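A.B. asks: TSV, C-alpha atoms, saved as protein34.tsv, coming up:
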```tsv
chain	number	residue	atom	x	y	z
I	1	MET	CA	0.00	0.00	0.00
I	2	GLU	CA	1.39	3.38	-0.96
I	3	LEU	CA	2.28	5.56	1.99
I	4	LYS	CA	0.17	8.72	2.05
I	5	LEU	CA	2.28	11.58	3.30
I	6	GLU	CA	0.63	14.50	4.93
I	7	TYR	CA	2.59	17.70	5.40
I	8	ASP	CA	2.32	21.40	4.68
I	9	LYS	CA	2.42	21.42	0.87
I	10	SER	CA	1.79	25.17	0.80
I	11	LEU	CA	5.54	25.49	1.50
I	12	TYR	CA	6.37	24.59	-2.08
I	13	GLY	CA	7.32	27.68	-4.06
I	14	VAL	CA	8.03	29.73	-0.94
I	15	GLU	CA	11.52	31.15	-0.56
I	16	HIS	CA	13.09	31.66	2.87
I	17	GLU	CA	15.92	34.16	2.83
I	18	ALA	CA	18.87	35.04	5.00
I	19	GLY	CA	22.02	37.08	4.79
I	20	PRO	CA	24.06	38.78	3.77
I	21	PHE	CA	26.86	36.66	5.16
I	22	GLU	CA	30.27	38.28	4.96
I	23	VAL	CA	33.04	36.01	3.70
I	24	THR	CA	36.16	37.28	5.42
I	25	GLU	CA	39.73	36.10	5.23
I	26	GLU	CA	39.51	35.26	8.92
I	27	LEU	CA	36.45	33.08	8.38
I	28	ILE	CA	38.12	31.22	5.54
I	29	LYS	CA	41.29	30.67	7.53
I	30	ARG	CA	39.41	29.43	10.62
I	31	TYR	CA	37.42	27.04	8.40
I	32	CYS	CA	40.62	25.70	6.92
I	33	ILE	CA	42.11	25.13	10.37
I	34	ALA	CA	38.99	23.31	11.54
I	35	THR	CA	38.90	21.06	8.45
I	36	ASP	CA	42.67	20.75	7.97
I	37	GLU	CA	42.51	22.32	4.52
I	38	THR	CA	46.01	23.04	3.23
I	39	ASN	CA	45.49	24.08	-0.39
I	40	LYS	CA	47.42	27.35	-0.76
I	41	ILE	CA	44.65	29.28	-2.46
I	42	PHE	CA	42.50	28.74	0.64
I	43	ILE	CA	45.12	29.80	3.20
I	44	ASP	CA	47.35	32.38	1.45
I	45	SER	CA	45.85	35.33	-0.40
I	46	GLU	CA	49.06	36.00	-2.37
I	47	GLU	CA	49.08	32.43	-3.62
I	48	ALA	CA	45.41	32.76	-4.54
I	49	LYS	CA	46.20	35.88	-6.58
I	50	LYS	CA	49.15	34.18	-8.27
I	51	ALA	CA	46.72	31.39	-9.23
I	52	GLY	CA	44.48	33.93	-10.94
I	53	PHE	CA	41.87	34.57	-8.26
I	54	SER	CA	41.00	38.06	-7.05
I	55	GLY	CA	41.63	37.15	-3.41
I	56	LEU	CA	41.64	34.34	-0.87
I	57	VAL	CA	39.30	31.56	-2.01
I	58	ALA	CA	36.74	29.88	0.21
I	59	PRO	CA	36.79	26.06	0.10
I	60	PRO	CA	33.82	24.84	-1.95
I	61	THR	CA	31.96	23.33	1.01
I	62	MET	CA	32.28	26.39	3.27
I	63	CYS	CA	28.99	27.97	2.22
I	64	THR	CA	27.12	24.97	3.69
I	65	MET	CA	27.78	26.52	7.10
I	66	PHE	CA	25.47	29.42	6.33
I	67	VAL	CA	22.43	27.25	5.59
I	68	ARG	CA	21.88	26.83	9.31
I	69	HIS	CA	21.09	30.54	9.58
I	70	VAL	CA	18.10	30.31	7.26
I	71	LYS	CA	14.95	29.96	9.36
I	72	LEU	CA	13.18	26.98	7.84
I	73	PRO	CA	9.63	26.19	8.90
I	74	ASP	CA	8.37	22.88	10.25
I	75	ILE	CA	6.70	21.08	7.36
I	76	LYS	CA	4.37	19.32	9.85
I	77	LEU	CA	5.04	15.88	8.43
I	78	ASN	CA	2.74	13.19	9.85
I	79	PHE	CA	5.42	10.51	9.88
I	80	GLY	CA	8.23	9.53	12.13
I	81	LYS	CA	9.70	10.71	15.37
I	82	ASN	CA	13.46	10.97	15.06
I	83	ARG	CA	14.94	13.04	12.28
I	84	PHE	CA	18.55	12.86	11.14
I	85	HIS	CA	20.79	14.43	8.53
I	86	ALA	CA	20.82	11.98	5.63
I	87	GLY	CA	22.78	13.74	2.92
I	88	GLN	CA	24.26	16.91	1.53
I	89	ARG	CA	25.03	18.20	-1.92
I	90	VAL	CA	27.02	21.21	-3.08
I	91	SER	CA	27.05	22.36	-6.69
I	92	THR	CA	29.57	25.13	-7.22
I	93	ARG	CA	29.04	27.80	-9.86
I	94	LEU	CA	31.60	30.51	-9.17
I	95	PRO	CA	34.48	30.80	-6.73
I	96	ILE	CA	33.63	32.46	-3.42
I	97	ILE	CA	36.30	35.00	-2.57
I	98	ALA	CA	37.16	36.86	0.65
I	99	GLY	CA	35.23	40.12	0.59
I	100	ASP	CA	32.13	38.56	-0.94
I	101	PHE	CA	28.75	38.96	0.72
I	102	LEU	CA	26.46	35.99	0.23
I	103	ASN	CA	22.68	35.88	0.34
I	104	ALA	CA	20.86	32.59	0.86
I	105	SER	CA	17.44	31.64	-0.46
I	106	SER	CA	15.99	28.27	0.54
I	107	HIS	CA	12.92	26.35	-0.53
I	108	LEU	CA	11.38	22.97	0.04
I	109	LYS	CA	12.45	20.85	-2.90
I	110	GLU	CA	10.75	17.53	-2.27
I	111	VAL	CA	9.40	15.07	0.30
I	112	TYR	CA	9.37	11.38	-0.54
I	113	PRO	CA	9.28	7.93	1.08
I	114	LYS	CA	11.76	5.13	0.57
I	115	THR	CA	11.52	1.58	1.86
I	116	GLY	CA	14.57	-0.55	2.48
I	117	ARG	CA	15.76	-3.38	4.72
I	118	SER	CA	15.37	-1.29	7.87
I	119	GLY	CA	11.82	-0.22	6.99
I	120	THR	CA	10.34	2.94	5.57
I	121	MET	CA	11.93	6.35	5.84
I	122	VAL	CA	10.70	9.69	4.59
I	123	PHE	CA	13.19	12.18	3.16
I	124	ILE	CA	12.78	15.94	3.30
I	125	VAL	CA	14.98	17.91	0.92
I	126	TRP	CA	15.66	21.63	1.21
I	127	GLU	CA	17.57	23.50	-1.50
I	128	THR	CA	19.47	26.72	-0.87
I	129	THR	CA	20.85	29.01	-3.56
I	130	PHE	CA	23.69	31.36	-2.66
I	131	THR	CA	24.24	34.58	-4.59
I	132	ASN	CA	27.02	37.11	-4.17
I	133	GLN	CA	26.89	40.90	-3.96
I	134	GLU	CA	26.76	41.08	-7.78
I	135	GLY	CA	23.67	38.91	-7.83
I	136	GLN	CA	25.59	36.00	-9.35
I	137	ILE	CA	24.75	32.47	-8.24
I	138	VAL	CA	27.86	31.03	-6.59
I	139	ALA	CA	26.54	27.72	-5.26
I	140	ASP	CA	23.49	25.53	-4.70
I	141	VAL	CA	23.27	23.38	-1.59
I	142	GLN	CA	20.80	20.59	-0.96
I	143	GLU	CA	20.25	19.17	2.50
I	144	SER	CA	18.37	15.95	2.98
I	145	PHE	CA	16.84	14.92	6.32
I	146	ALA	CA	15.34	11.50	6.97
I	147	THR	CA	12.82	10.36	9.51
I	148	ARG	CA	11.83	6.84	10.61
I	149	GLU	CA	8.84	5.60	12.50
D	1	MET	CA	55.57	4.98	-5.86
D	2	SER	CA	51.95	6.06	-6.17
D	3	LYS	CA	50.55	7.43	-9.41
D	4	ASN	CA	49.94	10.74	-7.67
D	5	LEU	CA	53.62	11.22	-6.80
D	6	LEU	CA	54.84	10.04	-10.20
D	7	LEU	CA	52.67	12.56	-11.96
D	8	ARG	CA	53.89	15.43	-9.78
D	9	GLU	CA	57.40	14.90	-11.07
D	10	ASN	CA	56.29	15.92	-14.57
D	11	ASN	CA	55.79	19.56	-13.46
D	12	MET	CA	52.12	19.48	-14.31
D	13	SER	CA	49.74	21.68	-12.39
D	14	ASN	CA	47.65	19.86	-9.82
D	15	GLU	CA	44.54	20.40	-11.90
D	16	GLN	CA	46.19	18.95	-14.97
D	17	ILE	CA	47.34	15.94	-13.01
D	18	LEU	CA	43.86	15.14	-11.85
D	19	THR	CA	41.79	15.95	-14.86
D	20	GLN	CA	44.12	14.82	-17.63
D	21	GLN	CA	45.94	11.84	-16.23
D	22	PHE	CA	43.36	9.91	-14.32
D	23	GLU	CA	41.39	7.33	-16.26
D	24	LEU	CA	38.27	5.25	-15.84
D	25	GLY	CA	38.70	2.91	-12.89
D	26	ASP	CA	41.63	4.80	-11.35
D	27	GLU	CA	41.50	5.33	-7.61
D	28	ILE	CA	42.27	8.72	-6.06
D	29	GLY	CA	43.67	8.50	-2.55
D	30	PRO	CA	43.40	7.16	0.03
D	31	LEU	CA	43.46	10.21	2.23
D	32	VAL	CA	43.62	9.25	5.91
D	33	ILE	CA	42.42	11.99	8.23
D	34	ARG	CA	40.99	12.47	11.69
D	35	ALA	CA	38.48	14.86	13.15
D	36	THR	CA	39.67	15.45	16.68
D	37	ASP	CA	37.55	16.75	19.55
D	38	VAL	CA	39.25	20.14	19.15
D	39	ASP	CA	38.62	20.21	15.39
D	40	VAL	CA	34.93	19.49	15.89
D	41	THR	CA	34.58	22.11	18.63
D	42	ASN	CA	36.31	24.71	16.45
D	43	PHE	CA	34.05	23.80	13.56
D	44	CYS	CA	30.90	24.06	15.68
D	45	ASN	CA	31.91	27.49	16.99
D	46	LEU	CA	32.52	28.72	13.46
D	47	TRP	CA	29.29	27.16	12.23
D	48	GLY	CA	27.22	28.90	14.87
D	49	ASN	CA	26.18	25.63	16.52
D	50	GLU	CA	27.97	26.40	19.72
D	51	PRO	CA	28.81	23.73	22.26
D	52	PRO	CA	27.53	21.88	24.14
D	53	ASN	CA	25.67	19.90	21.50
D	54	ARG	CA	25.52	16.34	20.17
D	55	PHE	CA	28.75	16.95	18.28
D	56	THR	CA	30.80	17.98	21.29
D	57	SER	CA	29.14	16.68	24.46
D	58	ILE	CA	28.79	13.03	25.43
D	59	GLU	CA	25.80	13.85	27.63
D	60	VAL	CA	23.93	15.67	24.87
D	61	ALA	CA	24.90	12.97	22.36
D	62	LYS	CA	23.47	10.25	24.62
D	63	GLU	CA	20.26	12.21	25.10
D	64	ALA	CA	19.99	12.26	21.31
D	65	GLY	CA	20.37	8.49	21.19
D	66	LEU	CA	24.01	8.44	20.13
D	67	ALA	CA	26.75	6.41	21.79
D	68	GLU	CA	29.22	9.31	21.61
D	69	PRO	CA	29.60	12.78	20.08
D	70	ILE	CA	29.80	12.65	16.29
D	71	VAL	CA	31.32	14.69	13.49
D	72	PRO	CA	28.77	17.07	11.88
D	73	GLY	CA	27.63	16.02	8.44
D	74	ILE	CA	28.83	19.18	6.76
D	75	MET	CA	32.23	18.76	8.39
D	76	SER	CA	32.45	15.17	7.10
D	77	MET	CA	31.66	16.55	3.68
D	78	ALA	CA	34.50	19.06	4.00
D	79	LEU	CA	36.87	16.23	4.89
D	80	VAL	CA	35.77	14.30	1.79
D	81	ALA	CA	36.40	17.40	-0.35
D	82	LYS	CA	39.95	17.55	1.02
D	83	LEU	CA	40.72	14.34	-0.88
D	84	PHE	CA	40.95	16.34	-4.05
D	85	ASN	CA	43.82	18.34	-2.58
D	86	LEU	CA	45.86	15.20	-2.93
D	87	CYS	CA	46.34	15.71	-6.62
D	88	GLY	CA	43.98	18.32	-7.97
D	89	GLY	CA	43.09	20.95	-5.43
D	90	SER	CA	39.58	20.97	-4.09
D	91	GLN	CA	38.80	24.21	-5.90
D	92	ILE	CA	38.09	22.03	-8.90
D	93	ILE	CA	34.95	20.47	-7.43
D	94	ASP	CA	31.89	21.16	-9.59
D	95	ASP	CA	29.51	18.94	-7.66
D	96	LEU	CA	29.81	16.93	-4.46
D	97	ASP	CA	26.88	14.79	-3.37
D	98	VAL	CA	27.22	12.71	-0.20
D	99	VAL	CA	25.01	10.38	1.80
D	100	PHE	CA	25.70	9.87	5.51
D	101	ARG	CA	25.44	6.13	6.05
D	102	ALA	CA	26.59	6.05	9.65
D	103	ALA	CA	27.64	8.48	12.37
D	104	VAL	CA	31.25	9.57	11.96
D	105	PRO	CA	33.24	9.31	15.20
D	106	HIS	CA	35.83	11.70	16.57
D	107	ASN	CA	39.51	10.79	16.96
D	108	SER	CA	39.40	7.84	14.57
D	109	ASP	CA	41.19	7.29	11.27
D	110	LEU	CA	38.88	8.12	8.37
D	111	HIS	CA	39.87	6.73	4.97
D	112	VAL	CA	38.63	8.70	1.97
D	113	THR	CA	38.91	7.41	-1.59
D	114	ALA	CA	37.39	8.22	-4.95
D	115	THR	CA	37.08	5.93	-7.96
D	116	VAL	CA	36.87	7.46	-11.43
D	117	THR	CA	33.66	6.37	-13.15
D	118	ASP	CA	33.68	8.66	-16.18
D	119	THR	CA	36.02	11.05	-18.00
D	120	ARG	CA	35.06	13.48	-20.73
D	121	ASP	CA	35.77	16.78	-22.43
D	122	GLU	CA	33.08	19.35	-21.82
D	123	ASP	CA	33.24	22.88	-23.23
D	124	GLY	CA	37.01	22.75	-23.28
D	125	LYS	CA	37.30	21.42	-19.73
D	126	ASN	CA	38.53	18.00	-18.67
D	127	VAL	CA	35.85	16.49	-16.44
D	128	LEU	CA	36.03	13.49	-14.10
D	129	GLU	CA	33.14	11.80	-12.38
D	130	CYS	CA	33.95	9.79	-9.27
D	131	ASP	CA	32.34	7.56	-6.69
D	132	ILE	CA	33.40	8.56	-3.18
D	133	LEU	CA	33.76	6.51	-0.04
D	134	MET	CA	34.74	7.36	3.54
D	135	THR	CA	35.35	4.36	5.79
D	136	GLY	CA	36.60	3.69	9.27
D	137	PRO	CA	39.69	1.67	10.27
D	138	GLU	CA	37.71	-1.58	10.15
D	139	GLY	CA	35.95	-0.80	6.90
D	140	GLN	CA	32.82	0.77	8.38
D	141	ARG	CA	31.09	2.76	5.65
D	142	TYR	CA	30.48	6.25	6.96
D	143	VAL	CA	29.94	8.38	3.86
D	144	ILE	CA	29.28	7.49	0.24
D	145	GLY	CA	28.64	9.72	-2.71
D	146	THR	CA	29.70	11.13	-6.02
D	147	ALA	CA	31.84	14.01	-7.20
D	148	VAL	CA	32.26	15.81	-10.49
D	149	VAL	CA	35.58	17.62	-10.81
D	150	SER	CA	37.10	19.64	-13.63
D	151	ASN	CA	39.82	22.14	-14.34
D	152	LYS	CA	37.77	25.27	-13.78
D	153	ALA	CA	38.14	28.72	-15.35
D	154	ARG	CA	39.45	31.45	-13.05
D	155	SER	CA	37.34	34.31	-11.73
```
Once you've parsed the file, please lay out its structure as structure tokens.
C.D. replies:
Amino acid sequence: MELKLEYDKSLYGVEHEAGPFEVTEELIKRYCIATDETNKIFIDSEEAKKAGFSGLVAPPTMCTMFVRHVKLPDIKLNFGKNRFHAGQRVSTRLPIIAGDFLNASSHLKEVYPKTGRSGTMVFIVWETTFTNQEGQIVADVQESFATRE
Amino acid sequence: MSKNLLLRENNMSNEQILTQQFELGDEIGPLVIRATDVDVTNFCNLWGNEPPNRFTSIEVAKEAGLAEPIVPGIMSMALVAKLFNLCGGSQIIDDLDVVFRAAVPHNSDLHVTATVTDTRDEDGKNVLECDILMTGPEGQRYVIGTAVVSNKARS
């Protein structure tokens, strides 16, 4: 029997925004220390410029940290108790450079069930688009959360 | 001597090494890394998810049903991305898509590898598609996924 999911479908097409988030050299360097990133263009602005970038480059996964600051509503799903972080996706479009200001816009992408050996889980996927101060899209991030009964 | 080191001797840029010299079926890595308690705490502070939380506190982790504090998913993803520093520089990542199969522990060796599943020329760029795997010291599968990497144009 197909699982009938009930949740707040009016959330589709609604954007939730946050920002701007300032990308500073200090932020990039602290991120690199925490994740043991050693690529020179992420830790040395002169090396980044020699490599053809306009300044210190943020590692491609760094923008995922800002998603947390977007206030996402409860979708009021009628399934499951415990929710956990199931997956993450980053699609990069343009380099993010120290001095950039990023805006985030998130929307509910999809909600779907999946049944496997451990039973049925429901996945909730949110997609966030990051744009810089020029209005250019720099990255898309998808976060997937799963819930089990 | 590993393929990665051999290729470096030819004075190729890191991006060229990765995107021009790796072929279908080649393995990139392994990268062996650890996320220590201090690393995770620093990450959480930067992230805005300040301790104590299930990533830093054993009490909070147990209340959440975990045996011990775990590495945040987005931090695990950052550690996977670091693999591409080995020979290409992680600035060449076009797409990184990971699934968290099991909680990633602190202070434990994490083995990250990628296997090339496709190579192609696309709009003048050399593109590689890879399957990704992060495992523990006894082969526990923590993170799986895919990556698309290419030698990108500069800003």
A.B. asks: Is there a way to get, as a list in words, all residues within 9 Å of the point (29.2, 5.6, 10.8) in file coordinates, counting only C-alpha atoms?
C.D. replies: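 Every residue inside that radius is included here: Ile70, Phe100, Arg101, Ala102, Ala103, Val104, Pro105, Thr135, Gly136, Gln140, Arg141, Tyr142 and Val143 of chain D.
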A.B. asks: Give me, as JSON lines, each residue of chain D that comes within 10 Å of chain I, together with its shortest interatomic pair and the distance in Å at one decimal, counting only C-alpha atoms, with rows ordered by chain and rising residue number.
C.D. replies:
```
{"residue": "D:Ile33", "atom": "CA", "partner": "I:Asp36", "partner_atom": "CA", "distance": 8.8}
{"residue": "D:Arg34", "atom": "CA", "partner": "I:Asp36", "partner_atom": "CA", "distance": 9.2}
{"residue": "D:Ala35", "atom": "CA", "partner": "I:Thr35", "partner_atom": "CA", "distance": 7.8}
{"residue": "D:Thr36", "atom": "CA", "partner": "I:Ala34", "partner_atom": "CA", "distance": 9.4}
{"residue": "D:Val38", "atom": "CA", "partner": "I:Ala34", "partner_atom": "CA", "distance": 8.2}
{"residue": "D:Asp39", "atom": "CA", "partner": "I:Ala34", "partner_atom": "CA", "distance": 5.0}
{"residue": "D:Val40", "atom": "CA", "partner": "I:Ala34", "partner_atom": "CA", "distance": 7.1}
{"residue": "D:Thr41", "atom": "CA", "partner": "I:Ala34", "partner_atom": "CA", "distance": 8.4}
{"residue": "D:Asn42", "atom": "CA", "partner": "I:Ala34", "partner_atom": "CA", "distance": 5.8}
{"residue": "D:Phe43", "atom": "CA", "partner": "I:Ala34", "partner_atom": "CA", "distance": 5.4}
{"residue": "D:Cys44", "atom": "CA", "partner": "I:Ala34", "partner_atom": "CA", "distance": 9.1}
{"residue": "D:Asn45", "atom": "CA", "partner": "I:Ala34", "partner_atom": "CA", "distance": 9.9}
{"residue": "D:Leu46", "atom": "CA", "partner": "I:Tyr31", "partner_atom": "CA", "distance": 7.2}
{"residue": "D:Trp47", "atom": "CA", "partner": "I:Met65", "partner_atom": "CA", "distance": 5.4}
{"residue": "D:Gly48", "atom": "CA", "partner": "I:Arg68", "partner_atom": "CA", "distance": 8.0}
{"residue": "D:Asn49", "atom": "CA", "partner": "I:Arg68", "partner_atom": "CA", "distance": 8.5}
{"residue": "D:Ala64", "atom": "CA", "partner": "I:Asn82", "partner_atom": "CA", "distance": 9.1}
{"residue": "D:Gly65", "atom": "CA", "partner": "I:Asn82", "partner_atom": "CA", "distance": 9.6}
{"residue": "D:Pro72", "atom": "CA", "partner": "I:His85", "partner_atom": "CA", "distance": 9.0}
{"residue": "D:Gly73", "atom": "CA", "partner": "I:His85", "partner_atom": "CA", "distance": 7.0}
{"residue": "D:Ile74", "atom": "CA", "partner": "I:Thr64", "partner_atom": "CA", "distance": 6.8}
{"residue": "D:Met75", "atom": "CA", "partner": "I:Thr35", "partner_atom": "CA", "distance": 7.1}
{"residue": "D:Ser76", "atom": "CA", "partner": "I:Thr35", "partner_atom": "CA", "distance": 8.8}
{"residue": "D:Met77", "atom": "CA", "partner": "I:Thr61", "partner_atom": "CA", "distance": 7.3}
{"residue": "D:Ala78", "atom": "CA", "partner": "I:Thr61", "partner_atom": "CA", "distance": 5.8}
{"residue": "D:Leu79", "atom": "CA", "partner": "I:Thr35", "partner_atom": "CA", "distance": 6.3}
{"residue": "D:Val80", "atom": "CA", "partner": "I:Thr61", "partner_atom": "CA", "distance": 9.8}
{"residue": "D:Ala81", "atom": "CA", "partner": "I:Thr61", "partner_atom": "CA", "distance": 7.5}
{"residue": "D:Lys82", "atom": "CA", "partner": "I:Glu37", "partner_atom": "CA", "distance": 6.4}
{"residue": "D:Leu83", "atom": "CA", "partner": "I:Glu37", "partner_atom": "CA", "distance": 9.8}
{"residue": "D:Phe84", "atom": "CA", "partner": "I:Asn39", "partner_atom": "CA", "distance": 9.7}
{"residue": "D:Asn85", "atom": "CA", "partner": "I:Asn39", "partner_atom": "CA", "distance": 6.4}
{"residue": "D:Leu86", "atom": "CA", "partner": "I:Asn39", "partner_atom": "CA", "distance": 9.2}
{"residue": "D:Gly88", "atom": "CA", "partner": "I:Asn39", "partner_atom": "CA", "distance": 9.6}
{"residue": "D:Gly89", "atom": "CA", "partner": "I:Asn39", "partner_atom": "CA", "distance": 6.4}
{"residue": "D:Ser90", "atom": "CA", "partner": "I:Pro59", "partner_atom": "CA", "distance": 7.2}
{"residue": "D:Gln91", "atom": "CA", "partner": "I:Pro60", "partner_atom": "CA", "distance": 6.4}
{"residue": "D:Ile92", "atom": "CA", "partner": "I:Pro60", "partner_atom": "CA", "distance": 8.6}
{"residue": "D:Ile93", "atom": "CA", "partner": "I:Pro60", "partner_atom": "CA", "distance": 7.1}
{"residue": "D:Asp94", "atom": "CA", "partner": "I:Thr92", "partner_atom": "CA", "distance": 5.2}
{"residue": "D:Asp95", "atom": "CA", "partner": "I:Ser91", "partner_atom": "CA", "distance": 4.3}
{"residue": "D:Leu96", "atom": "CA", "partner": "I:Val90", "partner_atom": "CA", "distance": 5.3}
{"residue": "D:Asp97", "atom": "CA", "partner": "I:Arg89", "partner_atom": "CA", "distance": 4.1}
{"residue": "D:Val98", "atom": "CA", "partner": "I:Gln88", "partner_atom": "CA", "distance": 5.4}
{"residue": "D:Val99", "atom": "CA", "partner": "I:Gly87", "partner_atom": "CA", "distance": 4.2}
{"residue": "D:Phe100", "atom": "CA", "partner": "I:Ala86", "partner_atom": "CA", "distance": 5.3}
{"residue": "D:Arg101", "atom": "CA", "partner": "I:Ala86", "partner_atom": "CA", "distance": 7.5}
{"residue": "D:Ala102", "atom": "CA", "partner": "I:Ala86", "partner_atom": "CA", "distance": 9.2}
{"residue": "D:Ala103", "atom": "CA", "partner": "I:His85", "partner_atom": "CA", "distance": 9.9}
{"residue": "D:Val143", "atom": "CA", "partner": "I:Gly87", "partner_atom": "CA", "distance": 9.0}
{"residue": "D:Ile144", "atom": "CA", "partner": "I:Gly87", "partner_atom": "CA", "distance": 9.4}
{"residue": "D:Gly145", "atom": "CA", "partner": "I:Gly87", "partner_atom": "CA", "distance": 9.1}
{"residue": "D:Thr146", "atom": "CA", "partner": "I:Arg89", "partner_atom": "CA", "distance": 9.4}
{"residue": "D:Ala147", "atom": "CA", "partner": "I:Arg89", "partner_atom": "CA", "distance": 9.6}
{"residue": "D:Val148", "atom": "CA", "partner": "I:Ser91", "partner_atom": "CA", "distance": 9.2}
{"residue": "D:Lys152", "atom": "CA", "partner": "I:Leu94", "partner_atom": "CA", "distance": 9.3}
{"residue": "D:Ala153", "atom": "CA", "partner": "I:Leu94", "partner_atom": "CA", "distance": 9.2}
{"residue": "D:Arg154", "atom": "CA", "partner": "I:Gly52", "partner_atom": "CA", "distance": 6.0}
{"residue": "D:Ser155", "atom": "CA", "partner": "I:Phe53", "partner_atom": "CA", "distance": 5.7}
```
A.B. asks: Could you give me, as a PyMOL selection string, the residues within 12 Å of D:Ala67, counting all atoms listed in the file and dropping anything in the same chain fewer than 6 positions from it?
C.D. replies: chain D and resi 54-55+57-61+103-106
A.B. asks: Please compute the atom CA of I:Asp100-atom CA of I:Lys71 distance, one decimal, in Å.
C.D. replies: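 Atom CA of I:Lys71 lies at a distance of 21.8 Å from atom CA of I:Asp100.
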A.B. asks: I want to know what sits within 9 Å of I:Glu22, based on only C-alpha atoms, with residues of the same chain fewer than 2 positions away left out; could you give that as JSON, numbers by chain?
C.D. replies: {"I": [19, 20, 24, 27, 98, 99, 100, 101, 102]}
A.B. asks: Could you list, as a list in words, every residue within 8 Å of I:Glu6, counting only C-alpha atoms and ignoring same-chain residues fewer than 5 positions away?
C.D. replies: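 Once the adjacent positions are removed, what remains is Lys76, Leu77, Asn78 and Phe79 of chain I.
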A.B. asks: To one decimal place in Å, what is the distance between atom CA of I:Leu3 and atom CA of I:Glu127?
C.D. replies: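 Answer for the atom CA of I:Leu3 to atom CA of I:Glu127 separation: 23.8 Å.
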A.B. asks: Counting only C-alpha atoms, which residues have an atom no more than 6 Å from (39.5, 8.7, -10.1) in the file's coordinates? Please list them as a list in words.
C.D. replies: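 The answer, in the requested form, is Phe22, Asp26, Glu27, Ile28, Ala114, Thr115, Val116 and Cys130 of chain D.
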A.B. asks: Atom CA of D:His111 and atom CA of D:Glu68 are how many Å apart?
C.D. replies: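 Between atom CA of D:His111 and atom CA of D:Glu68 the gap works out to 19.9 Å.
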A.B. asks: Once 8 Å is added on each side, what centre and edge lengths in Å to one decimal does the axis-aligned box around all listed atoms of stretch 143-153 of chain D have, as lines of an AutoDock Vina configuration file?
C.D. replies:
```
center_x = 34.2
center_y = 18.1
center_z = -5.7
size_x = 27.2
size_y = 37.2
size_z = 35.2
```
A.B. asks: So that I can see what lies close to I:Pro113, please list as a list in words the residues with an atom at most 12 Å from it, counting all atoms listed in the file and leaving out residues fewer than 5 positions away in the same chain.
C.D. replies: Glu2, Leu3, Lys4, Leu5, Glu6, Leu77, Phe79, Gly80, Gly119, Thr120, Met121, Val122, Phe123, Ile124, Val125, Phe145, Ala146, Thr147, Arg148 and Glu149 of chain I
A.B. asks: For stretch 118-131 of chain I, supply N, CA and C atoms and report the output as a short mmCIF file (atom, residue, chain, number, x, y, z; two decimals), keeping the file's coordinate frame.
C.D. replies:
```
data_model
loop_
_atom_site.label_atom_id
_atom_site.label_comp_id
_atom_site.auth_asym_id
_atom_site.auth_seq_id
_atom_site.Cartn_x
_atom_site.Cartn_y
_atom_site.Cartn_z
N SER I 118 15.66 -1.72 6.49
CA SER I 118 15.37 -1.29 7.87
C SER I 118 13.98 -0.67 7.99
N GLY I 119 13.18 -0.76 6.93
CA GLY I 119 11.82 -0.22 6.99
C GLY I 119 11.66 1.00 6.11
N THR I 120 10.63 1.77 6.39
CA THR I 120 10.34 2.94 5.57
C THR I 120 10.88 4.20 6.22
N MET I 121 11.48 5.03 5.39
CA MET I 121 11.93 6.35 5.84
C MET I 121 11.32 7.39 4.91
N VAL I 122 11.16 8.57 5.42
CA VAL I 122 10.70 9.69 4.59
C VAL I 122 11.82 10.72 4.55
N PHE I 123 12.11 11.20 3.37
CA PHE I 123 13.19 12.18 3.16
C PHE I 123 12.61 13.55 2.86
N ILE I 124 13.17 14.54 3.51
CA ILE I 124 12.78 15.94 3.30
C ILE I 124 14.00 16.67 2.75
N VAL I 125 13.83 17.27 1.57
CA VAL I 125 14.98 17.91 0.92
C VAL I 125 14.74 19.41 0.80
N TRP I 126 15.67 20.17 1.33
CA TRP I 126 15.66 21.63 1.21
C TRP I 126 16.80 22.04 0.28
N GLU I 127 16.53 23.00 -0.59
CA GLU I 127 17.57 23.50 -1.50
C GLU I 127 17.82 24.98 -1.22
N THR I 128 19.09 25.33 -1.13
CA THR I 128 19.47 26.72 -0.87
C THR I 128 20.36 27.22 -1.99
N THR I 129 20.03 28.37 -2.53
CA THR I 129 20.85 29.01 -3.56
C THR I 129 21.57 30.20 -2.93
N PHE I 130 22.88 30.24 -3.16
CA PHE I 130 23.69 31.36 -2.66
C PHE I 130 24.05 32.28 -3.81
N THR I 131 23.82 33.58 -3.61
CA THR I 131 24.24 34.58 -4.59
C THR I 131 25.19 35.56 -3.93
#
```
